[in-house]
Amino acid sequence: MGATLKDAAVIAGTGQTAFAKRLPESERALACRAIVAALDDAGIAPAEVDAFASYTMEDTDEVEVAKAIGAGDVTFFAKAGYGGGGSCATVAHLAAAIATGQASVGVAWRSRKRGSGPRPWRNTAVQLPTPAQWTRPFGLLRPADEIGILARRYMHEYGATRDHFFNVALACRNRANQNPAAIMYDRPLTREMYMTSRWISEPLCLFDNCLETDGALACVVVAAERARDLRHRPVYVHSVAQGLPAQHHGMVNYWTDDPLTGPAWTAARQLWKQADFGPEDVDVAQIYDAFTPLIPLSLEGYGFCGRGEGAAFTEGGALEIGGRLPLNTAGGGLSEAYVHGFNLITEGVRQLRGTSTAQVPDAATCLVTAGEGVPTSALLLRS
């Protein structure tokens with residue numbers, strides 16, 4: 001059997017800035033604040049950092065970050081593509097670099113001013129990338145429009161309803177109401193509010209869509225052998241995966257036989273193949289929630305229920321604390337902050353440290369996923 005990354009690396013520290021609709025600092029300043037906070041959390045000096053990983057959509061590059069924080073010589077750096085699909089991949093790349101001796105202390109981060117900055121699709125002067133040439137001229141201008149198409153098909157084929165999507169939105173909002181750092185901390189959600197809110201892209205209403213947020217987050221990854229020297233209980237990177245299905249096409253997945261079996265299915269096969277436990281052993285999950293329909297689709301893809309059963313899975317408080325699968329326990333992208341999913345990684349760490357504001361009792365295993373609908377990535381974390 002070939003070598004694996006199983007438990008070879010640990011997440012040693014996490015850091016974040018405040019989250020808000022508008023923050024005055026630049027993305028680079030926010031990135032550096034989050035990284036320095038993560039290093040302080042780990043008890044590791046910036047001069048020890050020799051690896052960086054971020055997103056291709058990250059405007060803050062490792063050259064400027066390394067100088068600003070006072071890093072030493074850097075021997076590994078990488079970027080993961082596809083927006084929110086790259087979140088978990090940043091940690092996976094660092095784990096691989098550390099396990100193979102290319103680096104010893106890695107930092108992954110995401111800094112974004114989406115709340116106060118421009119929307120990515122507003123620039124009509126540049127030529128559309130090839131996938132967008134098959135969507136935007138036909139009215140699918142935003143990710144919400146593309147996911148709206150998938151959501152409508154899912155509703156038609158499997159009987160999913162807006163009540164199922166509300167279950168997702170409510171679970172995330174309830175956890176945000178317990179988290180003082182969440183943008184929606186003091187704003188409860190009711191079914192009436194959800195059902196009477198304005199459409200964004202039917203069948204997706206206001207509360208089916210993630211927040212637009214300024215903020216930054218970071219984490220520090222080191223070799224497992226260093227775990228005994230850390231300030232906090234180590235969180236092991238047990239299994240990692242990326243997923244790009246055959247004939248995949250953006251969020252709409254036009255060219256596949258079944259558009260509803262997205263990248264999660266490909267990533268999941270690899271993730272569980274390398275793991276010592278399965279979906280039934282996951283204590284808590286942080287599942288990418290840019291849009292509520294992505295949750296039932298991901299529940300199916302990662303094997304928590306059968307094909308077409310993801311909507312029904314959300315019933316009966318299944319996603320709440322004490323339910324079958326407590327979900328997005330800091331509020332997720334829907335109600336804590338939307339920073340391309342990196343806050344799901346940091347909340348996974350808090351759960352396994354036992355320090356979450358909505359702690360799942362005795363949580364020892366956590367699934368973290370990146371964006372479904374785009375080439376994706378995932379992590380299995382354990383304490």
# chains A, B, ... in the order shown; residues from 1 in each chain; ligands from 1
>>> closest_atom_pairs(of="region 213-262 of chain A", to="region 348-356 of chain A", cutoff="9 Å", atoms="only C-alpha atoms", output="JSON lines")
{"residue": "A:His232", "atom": "CA", "partner": "A:Arg353", "partner_atom": "CA", "distance": 7.4}
{"residue": "A:Arg233", "atom": "CA", "partner": "A:Arg353", "partner_atom": "CA", "distance": 5.9}
{"residue": "A:Pro234", "atom": "CA", "partner": "A:Arg353", "partner_atom": "CA", "distance": 7.6}
{"residue": "A:Val235", "atom": "CA", "partner": "A:Val349", "partner_atom": "CA", "distance": 6.3}
>>> write_last_selection(atoms="N, CA, C and O atoms", output="compact mmCIF listing (two decimals), in the first residue's frame")
# COMPACT_ATOMS: atom_id res chain seq x y z
N HIS A 232 -2.11 24.00 22.30
CA HIS A 232 -3.46 23.46 22.37
C HIS A 232 -3.49 22.00 21.98
O HIS A 232 -2.53 21.47 21.42
N ARG A 233 -4.61 21.37 22.27
CA ARG A 233 -4.81 20.00 21.83
C ARG A 233 -4.65 19.93 20.31
O ARG A 233 -5.29 20.69 19.58
N PRO A 234 -3.81 19.03 19.81
CA PRO A 234 -3.60 18.98 18.36
C PRO A 234 -4.84 18.48 17.63
O PRO A 234 -5.58 17.63 18.14
N VAL A 235 -5.06 19.00 16.45
CA VAL A 235 -6.13 18.53 15.59
C VAL A 235 -5.48 17.90 14.36
O VAL A 235 -4.82 18.59 13.57
>>> closest_residue(among="A:Glu27, A:Thr90, A:Cys32, A:Gly72", to="Ala45 (chain A)", atoms="only C-alpha atoms")
A:Gly72
>>> closest_residue(among="A:Ala29, A:Ala12, A:Ile295, A:Ala363", to="Asp214 (chain A)", atoms="only C-alpha atoms")
A:Ala29
>>> select_by_dssp(residues="region 62-303 of chain A", states="alpha helix (DSSP H)", output="ChimeraX atom specification")
/A:62-69,87-99,143-158,162-176,191-196,263-273,294-301
>>> residues_around(residues="Ala169 (chain A)", least_positions_apart="2", cutoff="8 Å", atoms="only C-alpha atoms", output="number ranges by chain")
A: 165-167, 171-173, 207-208, 292, 334
>>> write_last_selection(atoms="C-alpha atoms", output="PDB file, in the first residue's frame")
ATOM      1  CA  PHE A 165     -33.815  24.677   2.556  1.00  0.00           C
ATOM      2  CA  PHE A 166     -35.180  26.615   5.522  1.00  0.00           C
ATOM      3  CA  ASN A 167     -34.010  23.796   7.829  1.00  0.00           C
ATOM      4  CA  ALA A 171     -29.575  25.527  11.757  1.00  0.00           C
ATOM      5  CA  CYS A 172     -26.805  27.868  10.617  1.00  0.00           C
ATOM      6  CA  ARG A 173     -28.562  30.925  12.037  1.00  0.00           C
ATOM      7  CA  PHE A 207     -31.775  33.582   3.350  1.00  0.00           C
ATOM      8  CA  ASP A 208     -30.690  30.809   0.966  1.00  0.00           C
ATOM      9  CA  THR A 292     -28.695  26.197   1.252  1.00  0.00           C
ATOM     10  CA  LEU A 334     -24.910  31.723   5.666  1.00  0.00           C
TER      11      LEU A 334
END
>>> select_by_dssp(residues="region 75-280 of chain A", states="strand (DSSP E or B)", output="ChimeraX atom specification")
/A:76-80,105-113,199-201,204-205,209,214-223,235-243
>>> write_last_selection(atoms="N, CA, C and O atoms", output="short mmCIF file (atom, residue, chain, number, x, y, z; two decimals), in the first residue's frame")
data_model
loop_
_atom_site.label_atom_id
_atom_site.label_comp_id
_atom_site.auth_asym_id
_atom_site.auth_seq_id
_atom_site.Cartn_x
_atom_site.Cartn_y
_atom_site.Cartn_z
N PHE A 76 8.18 26.23 0.26
CA PHE A 76 6.99 25.69 -0.40
C PHE A 76 5.91 26.76 -0.44
O PHE A 76 5.68 27.44 0.55
N PHE A 77 5.26 26.89 -1.60
CA PHE A 77 4.10 27.78 -1.69
C PHE A 77 3.20 27.27 -2.80
O PHE A 77 3.66 26.75 -3.81
N ALA A 78 1.89 27.39 -2.58
CA ALA A 78 0.92 26.84 -3.51
C ALA A 78 -0.38 27.62 -3.43
O ALA A 78 -0.66 28.27 -2.42
N LYS A 79 -1.17 27.51 -4.49
CA LYS A 79 -2.49 28.11 -4.52
C LYS A 79 -3.49 27.08 -5.04
O LYS A 79 -3.18 26.31 -5.94
N ALA A 80 -4.68 27.08 -4.46
CA ALA A 80 -5.74 26.17 -4.87
C ALA A 80 -6.83 26.95 -5.59
O ALA A 80 -7.18 28.06 -5.19
N VAL A 105 6.74 24.37 8.83
CA VAL A 105 5.65 25.18 9.40
C VAL A 105 4.93 25.88 8.25
O VAL A 105 5.51 26.72 7.56
N GLY A 106 3.68 25.50 8.05
CA GLY A 106 2.92 26.06 6.95
C GLY A 106 1.78 26.94 7.43
O GLY A 106 1.20 26.70 8.49
N VAL A 107 1.46 27.95 6.65
CA VAL A 107 0.34 28.85 6.93
C VAL A 107 -0.59 28.86 5.72
O VAL A 107 -0.14 29.05 4.58
N ALA A 108 -1.86 28.64 5.98
CA ALA A 108 -2.90 28.80 4.96
C ALA A 108 -3.79 29.95 5.38
O ALA A 108 -4.03 30.15 6.57
N TRP A 109 -4.31 30.69 4.40
CA TRP A 109 -5.13 31.85 4.76
C TRP A 109 -6.08 32.22 3.63
O TRP A 109 -5.92 31.80 2.49
N ARG A 110 -7.08 33.00 4.00
CA ARG A 110 -7.95 33.66 3.03
C ARG A 110 -8.32 35.01 3.58
O ARG A 110 -8.79 35.14 4.71
N SER A 111 -8.08 36.05 2.78
CA SER A 111 -8.44 37.42 3.14
C SER A 111 -9.32 37.96 2.04
O SER A 111 -9.02 37.82 0.85
N ARG A 112 -10.43 38.58 2.44
CA ARG A 112 -11.39 38.99 1.42
C ARG A 112 -12.17 40.21 1.87
O ARG A 112 -12.58 40.30 3.03
N LYS A 113 -12.39 41.13 0.94
CA LYS A 113 -13.27 42.27 1.21
C LYS A 113 -14.43 42.21 0.23
O LYS A 113 -14.61 43.08 -0.63
N TRP A 199 -36.88 37.28 -3.34
CA TRP A 199 -36.13 36.34 -4.17
C TRP A 199 -34.78 36.93 -4.54
O TRP A 199 -34.67 38.12 -4.82
N ILE A 200 -33.77 36.07 -4.59
CA ILE A 200 -32.49 36.44 -5.18
C ILE A 200 -32.37 35.81 -6.55
O ILE A 200 -32.02 36.47 -7.54
N SER A 201 -32.66 34.52 -6.63
CA SER A 201 -32.77 33.82 -7.91
C SER A 201 -33.67 32.62 -7.65
O SER A 201 -33.22 31.60 -7.14
N LEU A 204 -34.29 30.44 -4.89
CA LEU A 204 -33.44 30.85 -3.77
C LEU A 204 -33.84 32.24 -3.30
O LEU A 204 -33.80 33.22 -4.07
N CYS A 205 -34.21 32.33 -2.03
CA CYS A 205 -34.56 33.62 -1.44
C CYS A 205 -33.35 34.22 -0.74
O CYS A 205 -32.26 33.65 -0.73
N ASN A 209 -28.92 32.43 0.59
CA ASN A 209 -27.65 32.91 0.07
C ASN A 209 -26.70 33.30 1.19
O ASN A 209 -27.12 33.82 2.23
N ASP A 214 -16.38 41.26 4.78
CA ASP A 214 -14.96 41.59 4.87
C ASP A 214 -14.38 40.80 6.04
O ASP A 214 -15.00 40.70 7.11
N GLY A 215 -13.16 40.28 5.86
CA GLY A 215 -12.51 39.57 6.96
C GLY A 215 -11.44 38.64 6.45
O GLY A 215 -11.28 38.43 5.23
N ALA A 216 -10.68 38.07 7.37
CA ALA A 216 -9.59 37.15 7.03
C ALA A 216 -9.45 36.10 8.10
O ALA A 216 -9.76 36.34 9.28
N LEU A 217 -8.99 34.92 7.67
CA LEU A 217 -8.74 33.81 8.59
C LEU A 217 -7.46 33.11 8.17
O LEU A 217 -7.02 33.20 7.01
N ALA A 218 -6.86 32.38 9.12
CA ALA A 218 -5.63 31.65 8.83
C ALA A 218 -5.51 30.46 9.76
O ALA A 218 -6.13 30.43 10.83
N CYS A 219 -4.71 29.49 9.36
CA CYS A 219 -4.35 28.39 10.25
C CYS A 219 -2.91 27.99 10.02
O CYS A 219 -2.33 28.28 8.97
N VAL A 220 -2.34 27.34 11.02
CA VAL A 220 -0.95 26.91 11.00
C VAL A 220 -0.91 25.39 11.01
O VAL A 220 -1.58 24.75 11.82
N VAL A 221 -0.12 24.82 10.09
CA VAL A 221 -0.01 23.37 9.97
C VAL A 221 1.43 22.95 10.22
O VAL A 221 2.37 23.54 9.65
N VAL A 222 1.63 21.95 11.07
CA VAL A 222 2.97 21.43 11.38
C VAL A 222 2.91 19.91 11.39
O VAL A 222 1.84 19.30 11.34
N ALA A 223 4.08 19.28 11.48
CA ALA A 223 4.15 17.83 11.53
C ALA A 223 3.56 17.30 12.83
O ALA A 223 3.64 17.95 13.88
N VAL A 235 -5.06 19.00 16.45
CA VAL A 235 -6.13 18.53 15.59
C VAL A 235 -5.48 17.90 14.36
O VAL A 235 -4.82 18.59 13.57
N TYR A 236 -5.63 16.59 14.24
CA TYR A 236 -4.93 15.84 13.20
C TYR A 236 -5.67 15.96 11.85
O TYR A 236 -6.89 15.85 11.78
N VAL A 237 -4.89 16.15 10.79
CA VAL A 237 -5.41 16.10 9.44
C VAL A 237 -5.41 14.62 9.05
O VAL A 237 -4.40 14.07 8.62
N HIS A 238 -6.55 13.97 9.23
CA HIS A 238 -6.63 12.52 9.10
C HIS A 238 -6.70 12.08 7.64
O HIS A 238 -6.07 11.10 7.25
N SER A 239 -7.47 12.78 6.84
CA SER A 239 -7.62 12.43 5.42
C SER A 239 -7.92 13.69 4.64
O SER A 239 -8.58 14.61 5.15
N VAL A 240 -7.43 13.74 3.41
CA VAL A 240 -7.66 14.90 2.54
C VAL A 240 -8.06 14.42 1.15
O VAL A 240 -7.74 13.29 0.76
N ALA A 241 -8.75 15.26 0.44
CA ALA A 241 -9.14 14.90 -0.93
C ALA A 241 -9.50 16.14 -1.73
O ALA A 241 -9.93 17.15 -1.17
N GLN A 242 -9.31 16.04 -3.04
CA GLN A 242 -9.86 17.00 -3.98
C GLN A 242 -10.74 16.23 -4.96
O GLN A 242 -10.61 15.01 -5.08
N GLY A 243 -11.64 16.94 -5.65
CA GLY A 243 -12.55 16.26 -6.54
C GLY A 243 -12.92 17.10 -7.75
O GLY A 243 -13.41 18.21 -7.62
#
>>> closest_residue(among="A:Gly43, A:Leu94, A:Arg162, A:Pro375", to="Ala246 (chain A)", atoms="only C-alpha atoms")
A:Pro375
>>> closest_residue(among="A:Ala176, A:Leu271, A:Leu325, A:Leu294", to="Gly373 (chain A)", atoms="only C-alpha atoms")
A:Leu294
>>> residues_around(residues="Asp281 (chain A)", least_positions_apart="3", cutoff="8 Å", atoms="only C-alpha atoms", output="list of chain:residue names")
A:Phe277, A:Gly278, A:Thr365
>>> atom_distance(atom1="CA of Arg231 (chain A)", atom2="CA of Asp41 (chain A)")
7.3 Å
>>> atom_distance(atom1="CA of Gly13 (chain A)", atom2="CA of Arg228 (chain A)")
13.6 Å
>>> residues_around(residues="Ala181 (chain A)", least_positions_apart="4", cutoff="10 Å", atoms="only C-alpha atoms", output="list in words")
Gln16, Thr17, Ala18, Phe19, Ala20, Ala176, Asn177, Tyr185, Ala330, Gly331, Glu336, Ala337 and Thr357 of chain A
>>> write_last_selection(atoms="C-alpha atoms", output="short mmCIF file (atom, residue, chain, number, x, y, z; two decimals), in the first residue's frame")
data_model
loop_
_atom_site.label_atom_id
_atom_site.label_comp_id
_atom_site.auth_asym_id
_atom_site.auth_seq_id
_atom_site.Cartn_x
_atom_site.Cartn_y
_atom_site.Cartn_z
CA GLN A 16 -9.12 35.52 12.37
CA THR A 17 -10.01 39.18 12.17
CA ALA A 18 -13.38 40.63 12.96
CA PHE A 19 -16.10 40.01 10.37
CA ALA A 20 -18.15 42.90 9.04
CA ALA A 176 -24.58 32.03 14.70
CA ASN A 177 -26.90 33.29 17.45
CA TYR A 185 -25.13 36.87 16.20
CA ALA A 330 -20.30 28.80 14.17
CA GLY A 331 -22.96 29.83 11.64
CA GLU A 336 -21.24 33.72 10.51
CA ALA A 337 -19.25 35.10 7.59
CA THR A 357 -19.45 28.57 21.13
#
>>> closest_residue(among="A:Glu347, A:Pro131, A:Leu319, A:Ala285", to="Gln247 (chain A)", atoms="only C-alpha atoms")
A:Pro131
>>> closest_residue(among="A:Ile345, A:Trp265, A:Pro188, A:Trp272", to="Gly332 (chain A)", atoms="only C-alpha atoms")
A:Ile345
>>> atom_distance(atom1="CA of Arg114 (chain A)", atom2="CA of Lys21 (chain A)")
8.1 Å
